[in-house]
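A.B. asks: Handing you this structure, nothing more for now.
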Amino acid sequence: MTSEVDNANIMLDPLDIQEGEETYRNPTEVKMSQIVLPCHANHCGELSVGQLLKWMDSTACLSAERHASCSCITASVDDIHFEHTIGVGNVVNIIAKVNRAFTSSMEVGIMVTCEDLYTDRQWKVCHAFATFVAKRTEAGKVQLKQVFPHTQMEQMEYSLAAERRRMRLIHAEIITDLLSSSTAQLGECQEYQDAVPAERTRVESVELVLPPHANHQVSTFGGQIMAWMENVATIAASRLCNAHPTLRSIDMFHFRGPSHIGDRLVLKAIVNNAFKHSMEVGVCAEAYQGGEPLRHINSAFMTFEVLDSDRKPCTLPRIRPEPVDGKRRYKEAIARKKIRLDRKYIISSKHTEVPLSVPWDSSNQMYLSYNNVSALKLMDTRNNWILTSEKNKVRLYTLEENQMLSFKVEMHVSVGAGQTFHLLSDLRRRKEWDQHYEECEVINQADEDDTLYRVATPSVSKRGKGQDFILLASRRKPCDAGDPYLIALRSVTLPTHPPTEDYTRGEVLCAGFAIWEESSTVTKVTYYNKATPGVLPYISTDIAGLSSSFYSAFSACSHFLEANKDSVAALPPFSPQHSSNNTVSVKL
């Protein structure tokens, strides 16, 4: 490996989780601890983010190779948000472990914390997910062994890894479509007095890949390429503000091709746009040897801030883009900023920090869908549910956490899992077995996996008004044989469907079905709901043991499934003409 790895203190976690007298140790977990020396820092005495990226990549690669038992290369890194800087003398602790393995790729989770040796204080710096690919051997393509989660936390990450992988696979296409539609609506670039010409921030630098920059397979370390990219991006940002910038985030990026010893890496960076307190820098890495044409290795977008003496963001000068390509990059940076804020607001925030109903928009559909399914998966991995009542093999469980009550209903049906999934996926048919579904209409078939519904429910009192809900239904088929089918539900808001006087607008934070195949003819169906004020009146008597309406509803569900187990389930039709861009025009 490289000298950075050789000098690190790398070890397996000796006491990860202790259960009774037995000690459990995750076999893929690797730790690296580094003390930050002046040679690792910039002139402000802070650890260079490029150096941190090299350490993160090295630790994650070792974890991936421990699982794969062969050489691995970095394929992609998800969004990284740096919460704090790290000073000279502090200790950086990095933990990496494989969350899930697919055919030849695997997701590695990376946690970075900082430690002050003199005060014994520790704090989180960042959390990242990287994808590594096992390199082909002489025998051919590598088939990775599966990861078997042991703890609840490992089960949660294992389950969410499939959803993150799905988002990675569609990310580039979705972002391209969103940028095209968003930039077309922005019009001409705004002119500012005293704006800094973008050309002034342009940086180009070349690096020769030497043996210390590469692994034992002579491929350049992904972390080394990221470090060089961070270096030129920092120079570009400094030229705009004439001050030392702080890197706050790096957008998800993919390595397009390999680089090897002897390559000349050409690194280019330019400030695409400057906002009030932040700027976006675009950076590109290309490689060549001899007289061959340039090969595209990687592109990334980095967000910088400039902090004052109180660590508060400074106001930045505006940028004057170059004609044609510069104006395109300027507009795309505005669109990416909105996408970035949507992504951080929906995915990174805790449920307690996010309103129950988030505005739905074509630009945030991918992240809302991810959040919707992830929330259901988190409930499905909980192992501390309490059995409240049982009747004829229909079980009601409850769970109270953080002053939030959740419940789940569990039953078995003699219907195939795929057919059960199709029958329950179409909420329009739910009123055939659920008395709480009075009306259900499709508002928008966003794509094959996501549908927006309006659901009306009757009043729980004789003189009260009924409730209606605007629900996003996100469907997922199993990623692997051991995964469930999922139908996740959550409330969203649509300006085209505001609350009306006839109904009280209700909200659903997290609900849905997990459908597990136990055999070709037996399926376990579990329904989850995180009880909000709009849902509690319908289930409070069941939880208190004063009613068994839950049994009646899910007994009816069982009869509905078995009566229709041979029918062809018809979901709302999807076609490009029914996409969100043409059916519902919604702007945040």
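Following the order of the structure tokens, first chain is A, next is B, and so on, with residues numbered from 1 inside each chain and ligands from 1 in the order they appear.
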Would you pick out the contacts of segment 74-78 of chain A at 7 Å or less, using only C-alpha atoms, so that residues sharing its chain but fewer than 3 positions from it are not included, and give the list as an MDAnalysis selection string?

C.D. replies: chainID A and resid 128:133 222 251:255

A.B. asks: Hey, what's within 6 Å of segment 444-457 of chain A if we count only C-alpha atoms and toss same-chain stuff fewer than 3 positions away? As a PyMOL selection string, please?

C.D. replies: chain A and resi 436-441+466-475+579-580

A.B. asks: For those residues, write all heavy atoms to a file as a compact mmCIF listing (two decimals), in the first residue's frame.

C.D. replies:
# COMPACT_ATOMS: atom_id res chain seq x y z
N HIS A 436 -61.55 2.33 6.52
CA HIS A 436 -61.06 3.69 6.68
C HIS A 436 -60.75 4.36 5.34
O HIS A 436 -60.48 5.56 5.31
CB HIS A 436 -59.80 3.68 7.56
CG HIS A 436 -60.05 3.24 8.96
ND1 HIS A 436 -59.19 2.40 9.65
CD2 HIS A 436 -61.08 3.47 9.80
CE1 HIS A 436 -59.67 2.16 10.86
NE2 HIS A 436 -60.82 2.80 10.97
N TYR A 437 -60.73 3.60 4.27
CA TYR A 437 -60.50 4.17 2.95
C TYR A 437 -61.85 4.37 2.26
O TYR A 437 -62.40 3.45 1.67
CB TYR A 437 -59.59 3.25 2.11
CG TYR A 437 -58.12 3.56 2.24
CD1 TYR A 437 -57.52 3.60 3.49
CD2 TYR A 437 -57.33 3.79 1.12
CE1 TYR A 437 -56.16 3.88 3.63
CE2 TYR A 437 -55.97 4.07 1.25
CZ TYR A 437 -55.40 4.11 2.50
OH TYR A 437 -54.05 4.39 2.63
N GLU A 438 -62.36 5.57 2.36
CA GLU A 438 -63.67 5.88 1.78
C GLU A 438 -63.53 6.22 0.30
O GLU A 438 -64.33 5.78 -0.54
CB GLU A 438 -64.29 7.06 2.54
CG GLU A 438 -65.78 7.21 2.38
CD GLU A 438 -66.31 8.25 3.34
OE1 GLU A 438 -65.80 9.39 3.35
OE2 GLU A 438 -67.25 7.92 4.09
N GLU A 439 -62.52 7.01 -0.03
CA GLU A 439 -62.23 7.38 -1.41
C GLU A 439 -60.73 7.28 -1.63
O GLU A 439 -59.94 7.52 -0.71
CB GLU A 439 -62.68 8.82 -1.73
CG GLU A 439 -64.14 9.09 -1.59
CD GLU A 439 -64.46 10.57 -1.82
OE1 GLU A 439 -63.64 11.24 -2.50
OE2 GLU A 439 -65.48 11.04 -1.31
N CYS A 440 -60.35 6.96 -2.84
CA CYS A 440 -58.92 6.95 -3.19
C CYS A 440 -58.78 7.20 -4.68
O CYS A 440 -59.36 6.46 -5.50
CB CYS A 440 -58.29 5.61 -2.81
SG CYS A 440 -56.50 5.57 -3.14
N GLU A 441 -58.05 8.23 -5.04
CA GLU A 441 -57.85 8.57 -6.45
C GLU A 441 -56.38 8.83 -6.72
O GLU A 441 -55.63 9.29 -5.86
CB GLU A 441 -58.67 9.81 -6.84
CG GLU A 441 -58.29 11.05 -6.05
CD GLU A 441 -59.00 12.29 -6.53
OE1 GLU A 441 -59.14 12.44 -7.77
OE2 GLU A 441 -59.40 13.12 -5.69
N GLY A 466 -64.66 14.37 7.96
CA GLY A 466 -63.71 13.34 7.58
C GLY A 466 -62.33 13.94 7.34
O GLY A 466 -62.16 15.17 7.33
N GLN A 467 -61.36 13.09 7.16
CA GLN A 467 -60.01 13.53 6.87
C GLN A 467 -59.62 13.13 5.46
O GLN A 467 -60.13 12.13 4.93
CB GLN A 467 -59.00 12.90 7.84
CG GLN A 467 -59.10 13.40 9.26
CD GLN A 467 -57.88 12.97 10.07
OE1 GLN A 467 -56.92 13.72 10.21
NE2 GLN A 467 -57.93 11.78 10.61
N ASP A 468 -58.74 13.92 4.85
CA ASP A 468 -58.14 13.48 3.59
C ASP A 468 -56.62 13.61 3.69
O ASP A 468 -56.09 14.39 4.49
CB ASP A 468 -58.71 14.23 2.38
CG ASP A 468 -58.32 15.70 2.34
OD1 ASP A 468 -57.87 16.23 3.39
OD2 ASP A 468 -58.46 16.32 1.28
N PHE A 469 -55.94 12.81 2.91
CA PHE A 469 -54.48 12.72 2.93
C PHE A 469 -53.96 12.78 1.50
O PHE A 469 -54.56 12.20 0.59
CB PHE A 469 -54.02 11.40 3.56
CG PHE A 469 -54.47 11.16 4.97
CD1 PHE A 469 -55.76 10.70 5.24
CD2 PHE A 469 -53.62 11.39 6.04
CE1 PHE A 469 -56.18 10.47 6.54
CE2 PHE A 469 -54.03 11.16 7.34
CZ PHE A 469 -55.31 10.70 7.59
N ILE A 470 -52.85 13.47 1.29
CA ILE A 470 -52.13 13.42 0.03
C ILE A 470 -50.91 12.54 0.28
O ILE A 470 -50.01 12.91 1.05
CB ILE A 470 -51.68 14.81 -0.45
CG1 ILE A 470 -52.88 15.76 -0.52
CG2 ILE A 470 -50.99 14.70 -1.81
CD1 ILE A 470 -53.98 15.33 -1.47
N LEU A 471 -50.89 11.35 -0.32
CA LEU A 471 -49.89 10.34 0.00
C LEU A 471 -48.98 10.04 -1.19
O LEU A 471 -49.45 9.94 -2.33
CB LEU A 471 -50.57 9.04 0.44
CG LEU A 471 -51.42 9.08 1.71
CD1 LEU A 471 -52.02 7.70 1.97
CD2 LEU A 471 -50.60 9.54 2.90
N LEU A 472 -47.70 9.91 -0.88
CA LEU A 472 -46.74 9.38 -1.85
C LEU A 472 -46.57 7.90 -1.55
O LEU A 472 -46.18 7.53 -0.44
CB LEU A 472 -45.39 10.09 -1.71
CG LEU A 472 -44.22 9.47 -2.48
CD1 LEU A 472 -44.44 9.54 -3.98
CD2 LEU A 472 -42.89 10.14 -2.10
N ALA A 473 -46.89 7.05 -2.50
CA ALA A 473 -46.69 5.60 -2.37
C ALA A 473 -45.48 5.20 -3.19
O ALA A 473 -45.45 5.41 -4.42
CB ALA A 473 -47.93 4.85 -2.84
N SER A 474 -44.47 4.65 -2.52
CA SER A 474 -43.23 4.22 -3.19
C SER A 474 -43.12 2.71 -3.09
O SER A 474 -43.14 2.15 -1.99
CB SER A 474 -42.01 4.88 -2.54
OG SER A 474 -42.11 6.28 -2.58
N ARG A 475 -42.99 2.04 -4.24
CA ARG A 475 -42.94 0.57 -4.27
C ARG A 475 -41.52 0.11 -4.58
O ARG A 475 -40.82 0.71 -5.38
CB ARG A 475 -43.90 0.03 -5.35
CG ARG A 475 -45.36 0.32 -5.09
CD ARG A 475 -46.22 -0.18 -6.26
NE ARG A 475 -46.07 0.67 -7.43
CZ ARG A 475 -46.84 1.72 -7.68
NH1 ARG A 475 -47.79 2.04 -6.85
NH2 ARG A 475 -46.65 2.45 -8.76
N SER A 579 -45.83 11.56 -16.81
CA SER A 579 -44.76 11.91 -15.88
C SER A 579 -45.06 13.23 -15.20
O SER A 579 -45.93 13.99 -15.62
CB SER A 579 -43.42 12.00 -16.62
OG SER A 579 -43.42 13.10 -17.49
N SER A 580 -44.28 13.51 -14.17
CA SER A 580 -44.54 14.67 -13.34
C SER A 580 -44.39 15.98 -14.12
O SER A 580 -45.03 16.97 -13.82
CB SER A 580 -43.59 14.68 -12.15
OG SER A 580 -42.26 14.61 -12.59

A.B. asks: Write out as a PDB file with N, CA, C and O atoms, in the first residue's frame which residues come within 10 Å of Glu230 of chain A when counting only C-alpha atoms, dropping same-chain ones fewer than 5 positions away.

C.D. replies:
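part_6.pdb, written as the output of this step:
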ATOM      1  N   SER A  48      -5.793  19.305   5.883  1.00  0.00           N
ATOM      2  CA  SER A  48      -6.219  19.390   4.488  1.00  0.00           C
ATOM      3  C   SER A  48      -7.289  18.339   4.216  1.00  0.00           C
ATOM      4  O   SER A  48      -7.124  17.165   4.577  1.00  0.00           O
ATOM      5  N   VAL A  49      -8.394  18.762   3.603  1.00  0.00           N
ATOM      6  CA  VAL A  49      -9.457  17.809   3.278  1.00  0.00           C
ATOM      7  C   VAL A  49      -8.946  16.759   2.293  1.00  0.00           C
ATOM      8  O   VAL A  49      -9.349  15.600   2.337  1.00  0.00           O
ATOM      9  N   GLY A  50      -8.032  17.157   1.431  1.00  0.00           N
ATOM     10  CA  GLY A  50      -7.449  16.189   0.503  1.00  0.00           C
ATOM     11  C   GLY A  50      -6.745  15.060   1.239  1.00  0.00           C
ATOM     12  O   GLY A  50      -6.864  13.885   0.883  1.00  0.00           O
ATOM     13  N   GLN A  51      -5.996  15.408   2.302  1.00  0.00           N
ATOM     14  CA  GLN A  51      -5.332  14.381   3.107  1.00  0.00           C
ATOM     15  C   GLN A  51      -6.366  13.492   3.800  1.00  0.00           C
ATOM     16  O   GLN A  51      -6.212  12.271   3.874  1.00  0.00           O
ATOM     17  N   LEU A  53      -9.371  12.822   2.740  1.00  0.00           N
ATOM     18  CA  LEU A  53      -9.970  11.958   1.725  1.00  0.00           C
ATOM     19  C   LEU A  53      -9.069  10.762   1.419  1.00  0.00           C
ATOM     20  O   LEU A  53      -9.559   9.649   1.187  1.00  0.00           O
ATOM     21  N   GLN A 224      -6.194   9.512  -3.633  1.00  0.00           N
ATOM     22  CA  GLN A 224      -5.143  10.399  -4.116  1.00  0.00           C
ATOM     23  C   GLN A 224      -5.674  11.318  -5.211  1.00  0.00           C
ATOM     24  O   GLN A 224      -5.378  12.518  -5.245  1.00  0.00           O
ATOM     25  N   ILE A 225      -6.493  10.753  -6.112  1.00  0.00           N
ATOM     26  CA  ILE A 225      -7.092  11.580  -7.165  1.00  0.00           C
ATOM     27  C   ILE A 225      -8.004  12.630  -6.543  1.00  0.00           C
ATOM     28  O   ILE A 225      -7.991  13.807  -6.936  1.00  0.00           O
ATOM     29  N   ILE A 235      -7.669  26.187  -4.762  1.00  0.00           N
ATOM     30  CA  ILE A 235      -6.989  27.324  -5.400  1.00  0.00           C
ATOM     31  C   ILE A 235      -8.003  28.181  -6.163  1.00  0.00           C
ATOM     32  O   ILE A 235      -7.982  29.412  -6.078  1.00  0.00           O
ATOM     33  N   ALA A 236      -8.898  27.538  -6.909  1.00  0.00           N
ATOM     34  CA  ALA A 236      -9.918  28.279  -7.666  1.00  0.00           C
ATOM     35  C   ALA A 236     -10.801  29.093  -6.733  1.00  0.00           C
ATOM     36  O   ALA A 236     -11.084  30.276  -6.985  1.00  0.00           O
ATOM     37  N   LEU A 247     -13.820  23.840   2.694  1.00  0.00           N
ATOM     38  CA  LEU A 247     -14.649  22.910   1.920  1.00  0.00           C
ATOM     39  C   LEU A 247     -15.755  22.370   2.815  1.00  0.00           C
ATOM     40  O   LEU A 247     -15.493  21.787   3.870  1.00  0.00           O
ATOM     41  N   ILE A 250     -18.992  17.755  -0.848  1.00  0.00           N
ATOM     42  CA  ILE A 250     -18.650  17.235  -2.176  1.00  0.00           C
ATOM     43  C   ILE A 250     -19.864  16.443  -2.649  1.00  0.00           C
ATOM     44  O   ILE A 250     -20.345  15.545  -1.947  1.00  0.00           O
ATOM     45  N   LEU A 267      -5.587  18.250 -14.083  1.00  0.00           N
ATOM     46  CA  LEU A 267      -6.669  18.645 -13.175  1.00  0.00           C
ATOM     47  C   LEU A 267      -7.071  20.078 -13.483  1.00  0.00           C
ATOM     48  O   LEU A 267      -6.228  20.978 -13.507  1.00  0.00           O
ATOM     49  N   ALA A 269     -10.023  23.247 -12.689  1.00  0.00           N
ATOM     50  CA  ALA A 269     -11.068  23.710 -11.780  1.00  0.00           C
ATOM     51  C   ALA A 269     -11.453  25.135 -12.129  1.00  0.00           C
ATOM     52  O   ALA A 269     -10.625  25.906 -12.633  1.00  0.00           O
ATOM     53  N   VAL A 281     -17.538  25.012  -6.972  1.00  0.00           N
ATOM     54  CA  VAL A 281     -16.370  24.855  -7.838  1.00  0.00           C
ATOM     55  C   VAL A 281     -16.506  23.537  -8.583  1.00  0.00           C
ATOM     56  O   VAL A 281     -16.708  22.485  -7.975  1.00  0.00           O
ATOM     57  N   VAL A 283     -14.660  20.682 -10.852  1.00  0.00           N
ATOM     58  CA  VAL A 283     -13.294  20.206 -11.040  1.00  0.00           C
ATOM     59  C   VAL A 283     -13.331  18.918 -11.852  1.00  0.00           C
ATOM     60  O   VAL A 283     -14.227  18.093 -11.702  1.00  0.00           O
ATOM     61  N   ALA A 300     -16.230  16.421 -10.378  1.00  0.00           N
ATOM     62  CA  ALA A 300     -16.883  16.609  -9.081  1.00  0.00           C
ATOM     63  C   ALA A 300     -17.269  18.073  -8.911  1.00  0.00           C
ATOM     64  O   ALA A 300     -16.719  18.967  -9.573  1.00  0.00           O
ATOM     65  N   PHE A 301     -18.239  18.288  -8.028  1.00  0.00           N
ATOM     66  CA  PHE A 301     -18.676  19.641  -7.668  1.00  0.00           C
ATOM     67  C   PHE A 301     -18.506  19.798  -6.167  1.00  0.00           C
ATOM     68  O   PHE A 301     -19.029  19.009  -5.377  1.00  0.00           O
ATOM     69  N   MET A 302     -17.739  20.826  -5.788  1.00  0.00           N
ATOM     70  CA  MET A 302     -17.411  21.057  -4.386  1.00  0.00           C
ATOM     71  C   MET A 302     -17.954  22.408  -3.952  1.00  0.00           C
ATOM     72  O   MET A 302     -17.883  23.381  -4.702  1.00  0.00           O
TER      73      MET A 302
END

A.B. asks: Write out as a PDB file with C-alpha atoms, in the first residue's frame which residues come within 8 Å of Arg164 of chain A when counting only C-alpha atoms, dropping same-chain ones fewer than 4 positions away.

C.D. replies:
ATOM      1  CA  LEU A 160     -30.738   0.835   3.483  1.00  0.00           C
ATOM      2  CA  ARG A 168     -26.858   5.794  -7.275  1.00  0.00           C
ATOM      3  CA  TYR A 370     -35.587   7.383  -0.937  1.00  0.00           C
TER       4      TYR A 370
END

A.B. asks: Find the residue from A:Ala514, A:Ile86, A:Met156, A:Ile174 that sits nearest to Met366 of chain A; use only C-alpha atoms when measuring.

C.D. replies: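 Using only C-alpha atoms, Met366 of chain A sits closest to A:Ile174.
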
A.B. asks: In terms of the shortest atom-to-atom distance over only C-alpha atoms, which of A:Arg66, A:Lys530, A:His244, A:Lys312 is closest to Glu46 of chain A?

C.D. replies: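 That would be A:His244, the residue with the smallest distance to Glu46 of chain A.
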
A.B. asks: With only C-alpha atoms as the counted atoms, please give the residues lying no more than 7 Å from segment 287-292 of chain A, apart from itself and same-chain residues fewer than 4 positions off, as a PyMOL selection string.

C.D. replies: chain A and resi 259+262-266+296-297

A.B. asks: I need the chosen residues saved as an mmCIF file, in the first residue's frame, with all heavy atoms.

C.D. replies:
data_model
loop_
_atom_site.group_PDB
_atom_site.id
_atom_site.type_symbol
_atom_site.label_atom_id
_atom_site.label_comp_id
_atom_site.auth_asym_id
_atom_site.auth_seq_id
_atom_site.Cartn_x
_atom_site.Cartn_y
_atom_site.Cartn_z
ATOM 1 N N SER A 259 -6.829 4.912 -13.523
ATOM 2 C CA SER A 259 -5.573 5.613 -13.766
ATOM 3 C C SER A 259 -4.455 4.727 -13.219
ATOM 4 O O SER A 259 -4.646 4.001 -12.235
ATOM 5 C CB SER A 259 -5.573 6.968 -13.062
ATOM 6 O OG SER A 259 -4.276 7.539 -13.075
ATOM 7 N N GLY A 262 2.503 6.131 -14.083
ATOM 8 C CA GLY A 262 3.002 6.655 -15.357
ATOM 9 C C GLY A 262 2.034 7.602 -16.027
ATOM 10 O O GLY A 262 2.408 8.334 -16.949
ATOM 11 N N ASP A 263 0.762 7.605 -15.586
ATOM 12 C CA ASP A 263 -0.214 8.552 -16.137
ATOM 13 C C ASP A 263 0.148 9.982 -15.757
ATOM 14 O O ASP A 263 0.690 10.236 -14.672
ATOM 15 C CB ASP A 263 -1.621 8.260 -15.604
ATOM 16 C CG ASP A 263 -2.334 7.158 -16.368
ATOM 17 O OD1 ASP A 263 -1.826 6.771 -17.438
ATOM 18 O OD2 ASP A 263 -3.392 6.683 -15.901
ATOM 19 N N ARG A 264 -0.150 10.908 -16.670
ATOM 20 C CA ARG A 264 -0.119 12.329 -16.334
ATOM 21 C C ARG A 264 -1.570 12.731 -16.095
ATOM 22 O O ARG A 264 -2.404 12.609 -16.990
ATOM 23 C CB ARG A 264 0.460 13.170 -17.462
ATOM 24 C CG ARG A 264 1.987 13.168 -17.524
ATOM 25 C CD ARG A 264 2.557 11.858 -17.985
ATOM 26 N NE ARG A 264 4.011 11.954 -18.265
ATOM 27 C CZ ARG A 264 4.781 10.916 -18.479
ATOM 28 N NH1 ARG A 264 4.272 9.681 -18.471
ATOM 29 N NH2 ARG A 264 6.071 11.087 -18.706
ATOM 30 N N LEU A 265 -1.875 13.172 -14.877
ATOM 31 C CA LEU A 265 -3.238 13.589 -14.553
ATOM 32 C C LEU A 265 -3.353 15.103 -14.710
ATOM 33 O O LEU A 265 -2.633 15.859 -14.039
ATOM 34 C CB LEU A 265 -3.600 13.183 -13.117
ATOM 35 C CG LEU A 265 -4.682 12.112 -12.993
ATOM 36 C CD1 LEU A 265 -4.184 10.812 -13.610
ATOM 37 C CD2 LEU A 265 -5.073 11.886 -11.549
ATOM 38 N N VAL A 266 -4.238 15.522 -15.607
ATOM 39 C CA VAL A 266 -4.500 16.944 -15.818
ATOM 40 C C VAL A 266 -5.735 17.306 -15.001
ATOM 41 O O VAL A 266 -6.810 16.741 -15.192
ATOM 42 C CB VAL A 266 -4.728 17.255 -17.309
ATOM 43 C CG1 VAL A 266 -5.005 18.739 -17.490
ATOM 44 C CG2 VAL A 266 -3.512 16.832 -18.129
ATOM 45 N N HIS A 296 -11.150 10.713 -19.587
ATOM 46 C CA HIS A 296 -11.888 11.335 -18.478
ATOM 47 C C HIS A 296 -11.880 10.376 -17.283
ATOM 48 O O HIS A 296 -12.382 9.263 -17.369
ATOM 49 C CB HIS A 296 -13.325 11.631 -18.907
ATOM 50 C CG HIS A 296 -14.106 12.384 -17.877
ATOM 51 N ND1 HIS A 296 -15.463 12.530 -17.951
ATOM 52 C CD2 HIS A 296 -13.722 13.024 -16.739
ATOM 53 C CE1 HIS A 296 -15.884 13.232 -16.910
ATOM 54 N NE2 HIS A 296 -14.847 13.542 -16.160
ATOM 55 N N ILE A 297 -11.324 10.815 -16.175
ATOM 56 C CA ILE A 297 -11.244 9.984 -14.974
ATOM 57 C C ILE A 297 -12.372 10.304 -14.003
ATOM 58 O O ILE A 297 -13.038 9.403 -13.477
ATOM 59 C CB ILE A 297 -9.884 10.170 -14.255
ATOM 60 C CG1 ILE A 297 -8.733 9.827 -15.209
ATOM 61 C CG2 ILE A 297 -9.820 9.309 -12.997
ATOM 62 C CD1 ILE A 297 -8.753 8.382 -15.700
#

A.B. asks: Find the spatial neighbours of Glu280 of chain A, counting only C-alpha atoms, within a cut-off of 8 Å - ignore same-chain residues fewer than 5 positions away - and output them as a list in words.

C.D. replies: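 Here the qualifying residues turn out to be Val271, Asn272, Asn273, Ala274, Phe301, Met302, Thr303, Phe304 and Ala333 of chain A.
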
A.B. asks: Quick check, in Å to one decimal: how far apart do atom CA of Val108 of chain A and atom CA of Leu341 of chain A lie?

C.D. replies: 24.6 Å

A.B. asks: Tell me which of A:Glu207, A:Glu507, A:Glu305, A:Asp380 sits closest to Lys268 of chain A, counting only C-alpha atoms.

C.D. replies: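 Checking each candidate against Lys268 of chain A, we get A:Glu207 as the closest.
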
A.B. asks: Out of segment 314-477 of chain A, which residues get alpha helix (DSSP H) from DSSP, as a PyMOL selection string?

C.D. replies: chain A and resi 325-343+365-381+417-425

A.B. asks: Taking only C-alpha atoms into account, which of A:Ser357, A:Gln365, A:Ser558, A:Ser180 comes nearest Glu432 of chain A?

C.D. replies: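 Under the stated criterion, the closest residue is A:Ser558.
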
A.B. asks: Skipping near chain neighbours, those fewer than 2 positions away, what residues fall within 10 Å of Gly109 of chain A using only C-alpha atoms, listed as JSON, numbers by chain?

C.D. replies: {"A": [29, 60, 63, 95, 96, 97, 98, 99, 100, 106, 107, 111, 127, 128, 129, 130, 131, 157, 161]}

A.B. asks: My list of candidates is A:Thr59, A:Ser104, A:Asn564, A:Thr137. Which is closest to Leu423 of chain A when distances are computed with only C-alpha atoms?

C.D. replies: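 Of all the options, A:Asn564 lies closest to Leu423 of chain A.
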
A.B. asks: Write out as number ranges by chain all residues of segment 184-409 of chain A that backbone DSSP assigns to strand (DSSP E).

C.D. replies: A: 196-197, 203-208, 246-250, 253-254, 264-274, 279-288, 295-305, 319-320, 358-359, 386-391, 394-401, 404-409

A.B. asks: Compare A:Ile443, A:Val92, A:Cys39, A:Leu368 by their minimum atom-to-atom distance to Leu427 of chain A, counting only C-alpha atoms, and give me the closest one.

C.D. replies: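 Smallest distance to Leu427 of chain A is found for A:Ile443.
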
A.B. asks: In Å, how far is it from atom CA of Ile270 of chain A to atom CA of Arg328 of chain A?

C.D. replies: 13.1 Å

A.B. asks: To one decimal place in Å, what is the distance between atom CA of Pro197 of chain A and atom CA of Leu294 of chain A?

C.D. replies: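 Separation of atom CA of Pro197 of chain A and atom CA of Leu294 of chain A: 27.3 Å.
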